[in-house]
Amino acid sequence: MAYYDEPVKQVLLDLATKEEGLSSLQAKQRLDDYGRNEIVQKQPLHWTWILLRQFNSPITWVLMAALIIALFVGENIDSFVILVIILLDALIGFLQEWKAENAITALKHTLGLKATVLRDGEQEVIDAAEVVPGDIVLVERGMKVPADGRVIWESALQTLESAFSGESTPIRKSIGQLATGKQVAERKNMVFAGTTVTSGRGRIVVTATGMKTQLGAIATMLEETPEDQTPLQKKLGKLSVSITCIVVAMSIIFFGVGALKGQPLMQIFFAAVALAVAAIPEGLPAVVTLSLAFGVQRMLRRNALVRHLPSVETLGSCTVICTDKTGTLTQDKMTVREIYVPHKTIAVDDIAGKNGLKCEPKQHEMIIHIGALCNNASLSHEGETQTTLGDPTEGALLMLARKHCATASTEPRLAEIQFTSERKRMTTIHQKGAKRIAYTKGAPDVILGLCCKKIVGGKVSQLTAADRERILRANEDMARRAMRVLAFAYRELSTSEAADEAVEKNLIFAGLQGMIDPPRKEAAQAIKTAQEAGIRVVMITGDHPLTATAIAKELGIPGKTMTGIQLENEPDLASVIDSVGVFARVDPAHKLRIVEALKKKGHIVAMTGDGVNDAPALKKADIGIAMGKGGTDVAREASDMVLADDNFATIVEAVRGGRTIMDNIIKFVSYIVGHNMGEVLTVFVAILVGFPLPITALMLLWINLLTDGPPAIALGLEKAEPGVMLRGPRKVDEGIITPMRLARMLVVAACMMVGALALFSWQLPNGLQKAQSIAFAALGLFQIAIVFGYRSERVLFHKLGLFSNKWLIGTVALSISLLVSAIHWPPLQVMFGTVALGAVEWSLVVVVSMALLIVSQIIIATAPTPE
């Protein structure tokens, strides 16, 4: 049952309770019937299952098969290297997953608090987990609401629901019956578990506890929302399957051809194993992980904390960013933007305090003064930052007054007539010398009806019908631009007047103040940058449509506005979603449906959020982005990335970082797979033409260790290429190895094969060991040199700066040293079966390597530029 659309008496009757609360016996029985007021947590995965899951990939299966074969044929060194690679990759993946999914636990902690209830007609403090439906709970300022409930009595009760509904300001609660069909954010006579009371006090009758609350519904959605694989995981999975199929097919063909040629079966078997070893990019999983980790460290320095490594690439590929309004696009701080005094509108930016005023002080002194005095907020200092405590609207008035030197200290308060939802106004009475002054603020139409005069430039005059029309038009203009508008008035009291509502008549109208939570200064430029990068920005908020639309217009977010009710009534959201720029008055289930509709249209969706309500959508999105400063634990634990500064501009910088990382992943994957293709062609063609095995399996593993490791990792540290944010997002279905990249790799691999076999055949008359040594040197140096050709697909490497990637220079020097050591250092000569090469042999190897690098640069210069 909804309960908001029934009178209080009927709600109490439905819940079989009364205003004095339940008896202890009733409460005990209901606790048995309904269960504890807790979020039910499903059994987490055991660590052993998470560890075993790391071995569920095609590349790992092939590596394990190679390990078994190597052990079977007695290649102990080969098997040890492969085993280390398998275990290292599994360990990295395990550690990432082990610290991942704790969102349900965070939700459970949200309810870990105390509650004051009426039991047997008396107040009693109990654990919130023992609250049951029908309990009468007492709430006041500073308390967290323990369960969902209907308000049955209140005094200026307001709750902050921004972490729940997206509403950026406290919600004034009432006890009146509402019409059927209201969204959760519009149910002003209800309070919800997990929200905070910001002012006033009240009594509620509990309507739902635990998993039956709105918070529990979110927990259920979060638990039932599957976590999709990231695009990078999908692409690497496809690449792994392709490599696996190719390796198996080529090994079978190779073995069959060798057998048909009459070669000894054991020899051809070892050759097939060598071919498989050459084809498998053993270091690829570890290099991808390490590259992502290095990229994450860079992004952390820019206030973007990535929790799940593969999500970095997802952010770089995203086509839509769904962002919350409050605190992300806006400052999350109510601010007075305009003042209206009869009959002039003054922008707050045109007021500069007592010095350097751009407008006459008498025009605005009184209205700012009233805002400071008729006010229950207070100022607080956090270091050098000044903040306000209390109602954000009153805080905005106080900050404006403090900025322009208005002070309440010279006029002590004598009395207060409180604001209520029925009166829609508040009055405070102050002593000013020998006089008593009443200052009033409230809804413009209400205050205007209580005024008979106005103050203009310090002079009081009669308030005419024409004046009233102009004031109402000014109010409508501010409201149309999504401002929260308050009117201000005052009058001097006689000594005999009592401090009651009777003083609120024959007031002098001072003006209007228009407040709004303004956009962040950098948000508009960040949105423009995102749009230039081909990324659409969609605002999703629980705020009023007028407010959301006004902020979207100011920030340059195009598209129409759709409310939560309109969304519910739309049978095919995916068909219209591309035309919507703003979603307002939405519930958690709506956010999930928006993400699903965007994904159905083929979008890669990044979703930002800070509240409990955002958690299911954060988890469902391709990448969930939570707020670090103003966000909830629930949102952070459900996210893939956390913004340390809660700033939308940081997301755009993270997109730049994500695109750079993906560019670098493409570079080193192309490099690793490409040079492995060169090894495969060399071995395959050698056997087909009747050559002995030109290079042993251990030599191939050593080359792969030198080249799949340090130089490939260094490619992952390349800086962003020029124009990275002027390109559109990568296509969702575009693989890592595109036809153009494959063609480039085949040309380079063919050149490697020709060069290596030419040198091998040249030295073969001098013995197999000498020939294998020069083939070993050639393939190794070819692959080390060609790494420079993979620094960019768009720019020749020397234009990037020969020494701009110092890590690459260092790793190339290290790899060359290790390669030379394997050929010239006696202990390694014994291990690898190599002999020393002379100056002439090394000179030829170097010349052919440089020629290969030139070929790669010619391909870049002549090939079409990738999108």
# chains A, B, ... in the order shown; residues from 1 in each chain; ligands from 1

$ residues_around --residues "Cys452 in chain A" --least-positions-apart "2" --cutoff "7 Å" --atoms "only C-alpha atoms" --output "count of residues only"
6

$ select_by_dssp --residues "range 775-823 of chain A" --states "helix (DSSP H, G or I)" --output "count of residues only"
38

$ residues_around --residues "range 679-687 of chain A" --least-positions-apart "4" --cutoff "8 Å" --atoms "only C-alpha atoms" --output "ChimeraX atom specification"
/A:254,258,275,278-279,675,691-695,700,749-750,752-754,756-757,779

$ atom_distance --atom1 "CA of Gly556 in chain A" --atom2 "CA of Arg727 in chain A"
20.0 Å

$ atom_distance --atom1 "CA of Thr427 in chain A" --atom2 "CA of Glu504 in chain A"
7.7 Å

$ residues_around --residues "Asp572 in chain A" --least-positions-apart "3" --cutoff "12 Å" --atoms "only C-alpha atoms" --output "compact mmCIF listing (two decimals) with N, CA and C atoms, in the first residue's frame"
# COMPACT_ATOMS: atom_id res chain seq x y z
N GLN A 566 6.19 10.57 -17.41
CA GLN A 566 6.20 10.42 -18.87
C GLN A 566 7.01 9.19 -19.28
N LEU A 567 8.11 8.95 -18.57
CA LEU A 567 8.95 7.79 -18.85
C LEU A 567 8.17 6.50 -18.61
N GLU A 568 7.42 6.46 -17.50
CA GLU A 568 6.63 5.27 -17.18
C GLU A 568 5.58 4.99 -18.26
N ASN A 569 5.04 6.05 -18.84
CA ASN A 569 3.99 5.89 -19.83
C ASN A 569 4.52 5.69 -21.24
N SER A 575 13.18 4.01 -28.40
CA SER A 575 12.88 4.67 -29.68
C SER A 575 12.92 6.19 -29.60
N VAL A 576 12.81 6.74 -28.39
CA VAL A 576 12.77 8.21 -28.25
C VAL A 576 13.93 8.74 -27.42
N ILE A 577 14.73 7.86 -26.85
CA ILE A 577 15.70 8.31 -25.85
C ILE A 577 16.78 9.20 -26.43
N ARG A 593 16.10 1.92 -16.03
CA ARG A 593 15.47 1.76 -17.34
C ARG A 593 16.11 2.67 -18.39
N ILE A 594 16.53 3.87 -17.98
CA ILE A 594 17.20 4.79 -18.90
C ILE A 594 18.50 4.17 -19.39
N GLU A 596 19.31 1.01 -19.46
CA GLU A 596 19.00 -0.15 -20.30
C GLU A 596 18.58 0.27 -21.70
N ALA A 597 17.78 1.35 -21.80
CA ALA A 597 17.33 1.83 -23.11
C ALA A 597 18.50 2.35 -23.93
N LEU A 598 19.41 3.07 -23.29
CA LEU A 598 20.59 3.59 -24.01
C LEU A 598 21.47 2.44 -24.50
N LYS A 600 20.45 -0.53 -25.15
CA LYS A 600 19.71 -1.21 -26.22
C LYS A 600 19.95 -0.53 -27.56
N LYS A 601 20.18 0.79 -27.51
CA LYS A 601 20.46 1.55 -28.74
C LYS A 601 21.91 1.42 -29.17

$ residues_around --residues "His603 in chain A" --least-positions-apart "6" --cutoff "10 Å" --atoms "only C-alpha atoms" --output "MDAnalysis selection string"
chainID A and resid 317:321 536 595:597 622 731:732

$ closest_residue --among "A:Gln386, A:Ala193, A:Lys28, A:Ser199" --to "Ile171 in chain A" --atoms "only C-alpha atoms"
A:Ser199

$ atom_distance --atom1 "CA of Ser856 in chain A" --atom2 "CA of Ile661 in chain A"
22.0 Å

$ closest_residue --among "A:Ile429, A:Asp349, A:Arg201, A:Glu313" --to "His404 in chain A" --atoms "only C-alpha atoms"
A:Asp349

$ select_by_dssp --residues "range 598-694 of chain A" --states "strand (DSSP E)" --output "list in words"
Val605, Ala606, Met607, Thr608, Gly609, Ile623, Gly624, Ile625, Ala626, Met627, Met641, Val642 and Leu643 of chain A

$ write_last_selection --atoms "all heavy atoms" --output "short mmCIF file (atom, residue, chain, number, x, y, z; two decimals), in the first residue's frame"
data_model
loop_
_atom_site.label_atom_id
_atom_site.label_comp_id
_atom_site.auth_asym_id
_atom_site.auth_seq_id
_atom_site.Cartn_x
_atom_site.Cartn_y
_atom_site.Cartn_z
N VAL A 605 27.56 3.40 -22.05
CA VAL A 605 26.97 4.36 -21.11
C VAL A 605 27.84 4.52 -19.86
O VAL A 605 28.16 3.55 -19.19
CB VAL A 605 25.55 3.91 -20.69
CG1 VAL A 605 24.92 4.96 -19.78
CG2 VAL A 605 24.68 3.68 -21.91
N ALA A 606 28.19 5.78 -19.58
CA ALA A 606 28.80 6.13 -18.30
C ALA A 606 27.73 6.82 -17.47
O ALA A 606 27.04 7.71 -17.94
CB ALA A 606 29.99 7.07 -18.50
N MET A 607 27.55 6.35 -16.24
CA MET A 607 26.50 6.89 -15.36
C MET A 607 27.13 7.45 -14.11
O MET A 607 27.89 6.77 -13.43
CB MET A 607 25.52 5.76 -15.00
CG MET A 607 24.57 6.10 -13.86
SD MET A 607 23.26 7.22 -14.37
CE MET A 607 22.40 7.45 -12.81
N THR A 608 26.85 8.72 -13.81
CA THR A 608 27.36 9.30 -12.57
C THR A 608 26.26 9.33 -11.53
O THR A 608 25.07 9.36 -11.86
CB THR A 608 27.87 10.74 -12.78
OG1 THR A 608 26.75 11.63 -12.93
CG2 THR A 608 28.75 10.83 -14.00
N GLY A 609 26.65 9.32 -10.27
CA GLY A 609 25.66 9.39 -9.20
C GLY A 609 26.33 9.49 -7.85
O GLY A 609 27.51 9.15 -7.70
N ILE A 623 30.04 1.89 -17.29
CA ILE A 623 30.95 2.37 -16.25
C ILE A 623 30.17 3.27 -15.29
O ILE A 623 29.52 4.23 -15.70
CB ILE A 623 32.17 3.12 -16.84
CG1 ILE A 623 33.02 3.70 -15.69
CG2 ILE A 623 31.76 4.22 -17.78
CD1 ILE A 623 34.39 4.15 -16.13
N GLY A 624 30.18 2.92 -14.01
CA GLY A 624 29.52 3.70 -12.98
C GLY A 624 30.52 4.64 -12.32
O GLY A 624 31.60 4.21 -11.93
N ILE A 625 30.14 5.92 -12.21
CA ILE A 625 31.04 6.94 -11.66
C ILE A 625 30.39 7.54 -10.43
O ILE A 625 29.34 8.19 -10.53
CB ILE A 625 31.33 8.03 -12.69
CG1 ILE A 625 31.85 7.42 -14.01
CG2 ILE A 625 32.34 9.04 -12.15
CD1 ILE A 625 31.91 8.40 -15.16
N ALA A 626 30.98 7.33 -9.26
CA ALA A 626 30.41 7.84 -8.01
C ALA A 626 31.18 9.06 -7.53
O ALA A 626 32.30 9.32 -7.97
CB ALA A 626 30.43 6.74 -6.94
N MET A 627 30.55 9.79 -6.63
CA MET A 627 31.16 10.99 -6.06
C MET A 627 31.95 10.63 -4.80
O MET A 627 31.45 9.91 -3.94
CB MET A 627 30.10 12.03 -5.70
CG MET A 627 29.20 12.43 -6.87
SD MET A 627 30.10 13.17 -8.25
CE MET A 627 29.88 11.91 -9.51
N MET A 641 34.36 3.81 -10.89
CA MET A 641 35.28 4.92 -10.73
C MET A 641 34.69 5.93 -9.76
O MET A 641 33.47 6.11 -9.70
CB MET A 641 35.54 5.59 -12.09
CG MET A 641 36.64 6.63 -12.07
SD MET A 641 36.97 7.29 -13.72
CE MET A 641 35.79 8.61 -13.79
N VAL A 642 35.55 6.58 -8.97
CA VAL A 642 35.11 7.57 -7.98
C VAL A 642 35.80 8.89 -8.28
O VAL A 642 37.02 8.92 -8.50
CB VAL A 642 35.44 7.12 -6.54
CG1 VAL A 642 35.01 8.18 -5.54
CG2 VAL A 642 34.78 5.78 -6.23
N LEU A 643 35.02 9.98 -8.32
CA LEU A 643 35.58 11.31 -8.52
C LEU A 643 35.95 11.91 -7.16
O LEU A 643 35.07 12.15 -6.33
CB LEU A 643 34.58 12.22 -9.23
CG LEU A 643 34.08 11.77 -10.60
CD1 LEU A 643 33.15 12.82 -11.18
CD2 LEU A 643 35.24 11.50 -11.55
#

$ closest_atom_pairs --of "range 461-494 of chain A" --to "range 338-341 of chain A" --cutoff "12 Å" --atoms "only C-alpha atoms" --output "Markdown table"
| residue | atom | partner | partner_atom | distance |
| --- | --- | --- | --- | --- |
| A:Asp467 | CA | A:Val341 | CA | 10.9 |
| A:Arg470 | CA | A:Tyr340 | CA | 10.5 |
| A:Ile471 | CA | A:Tyr340 | CA | 8.2 |
| A:Leu472 | CA | A:Tyr340 | CA | 10.8 |
| A:Arg473 | CA | A:Tyr340 | CA | 10.9 |
| A:Ala474 | CA | A:Tyr340 | CA | 7.3 |
| A:Asn475 | CA | A:Tyr340 | CA | 8.6 |
| A:Glu476 | CA | A:Tyr340 | CA | 11.8 |
| A:Asp477 | CA | A:Tyr340 | CA | 10.8 |
| A:Met478 | CA | A:Glu338 | CA | 8.3 |
| A:Ala479 | CA | A:Glu338 | CA | 11.4 |
| A:Arg481 | CA | A:Glu338 | CA | 11.0 |
| A:Ala482 | CA | A:Glu338 | CA | 12.0 |
| A:Met483 | CA | A:Glu338 | CA | 9.0 |
| A:Arg484 | CA | A:Glu338 | CA | 10.5 |
| A:Val485 | CA | A:Glu338 | CA | 9.4 |
| A:Leu486 | CA | A:Ile339 | CA | 9.9 |
| A:Ala487 | CA | A:Tyr340 | CA | 9.2 |
| A:Phe488 | CA | A:Val341 | CA | 9.9 |
| A:Ala489 | CA | A:Val341 | CA | 11.1 |

$ residues_around --residues "range 150-156 of chain A" --least-positions-apart "2" --cutoff "6 Å" --atoms "only C-alpha atoms" --output "list in words"
Ile175, Asn189, Met190, Gly200, Arg201, Gly202, Arg203, Ile204, Val205 and Thr420 of chain A

$ residues_around --residues "range 399-401 of chain A" --least-positions-apart "6" --cutoff "8 Å" --atoms "only C-alpha atoms" --output "VMD selection string"
chain A and resid 335 to 336 368 to 369 371 to 372 388 407

$ decode --residues "range 518-536 of chain A" --atoms "C-alpha atoms" --output "compact mmCIF listing (two decimals), in the first residue's frame"
# COMPACT_ATOMS: atom_id res chain seq x y z
CA PRO A 518 24.33 27.40 -9.81
CA PRO A 519 26.32 25.41 -12.35
CA ARG A 520 30.00 24.84 -11.71
CA LYS A 521 32.10 27.34 -13.62
CA GLU A 522 34.01 24.64 -15.47
CA ALA A 523 30.97 22.43 -16.26
CA ALA A 524 29.87 24.20 -19.45
CA GLN A 525 33.33 23.95 -21.03
CA ALA A 526 33.62 20.31 -19.97
CA ILE A 527 30.27 19.52 -21.62
CA LYS A 528 31.41 21.32 -24.79
CA THR A 529 34.63 19.28 -24.82
CA ALA A 530 32.62 16.06 -24.38
CA GLN A 531 30.33 17.02 -27.27
CA GLU A 532 33.34 17.79 -29.49
CA ALA A 533 34.58 14.29 -28.66
CA GLY A 534 31.29 12.84 -29.92
CA ILE A 535 29.91 12.15 -26.44
CA ARG A 536 26.33 13.01 -25.58
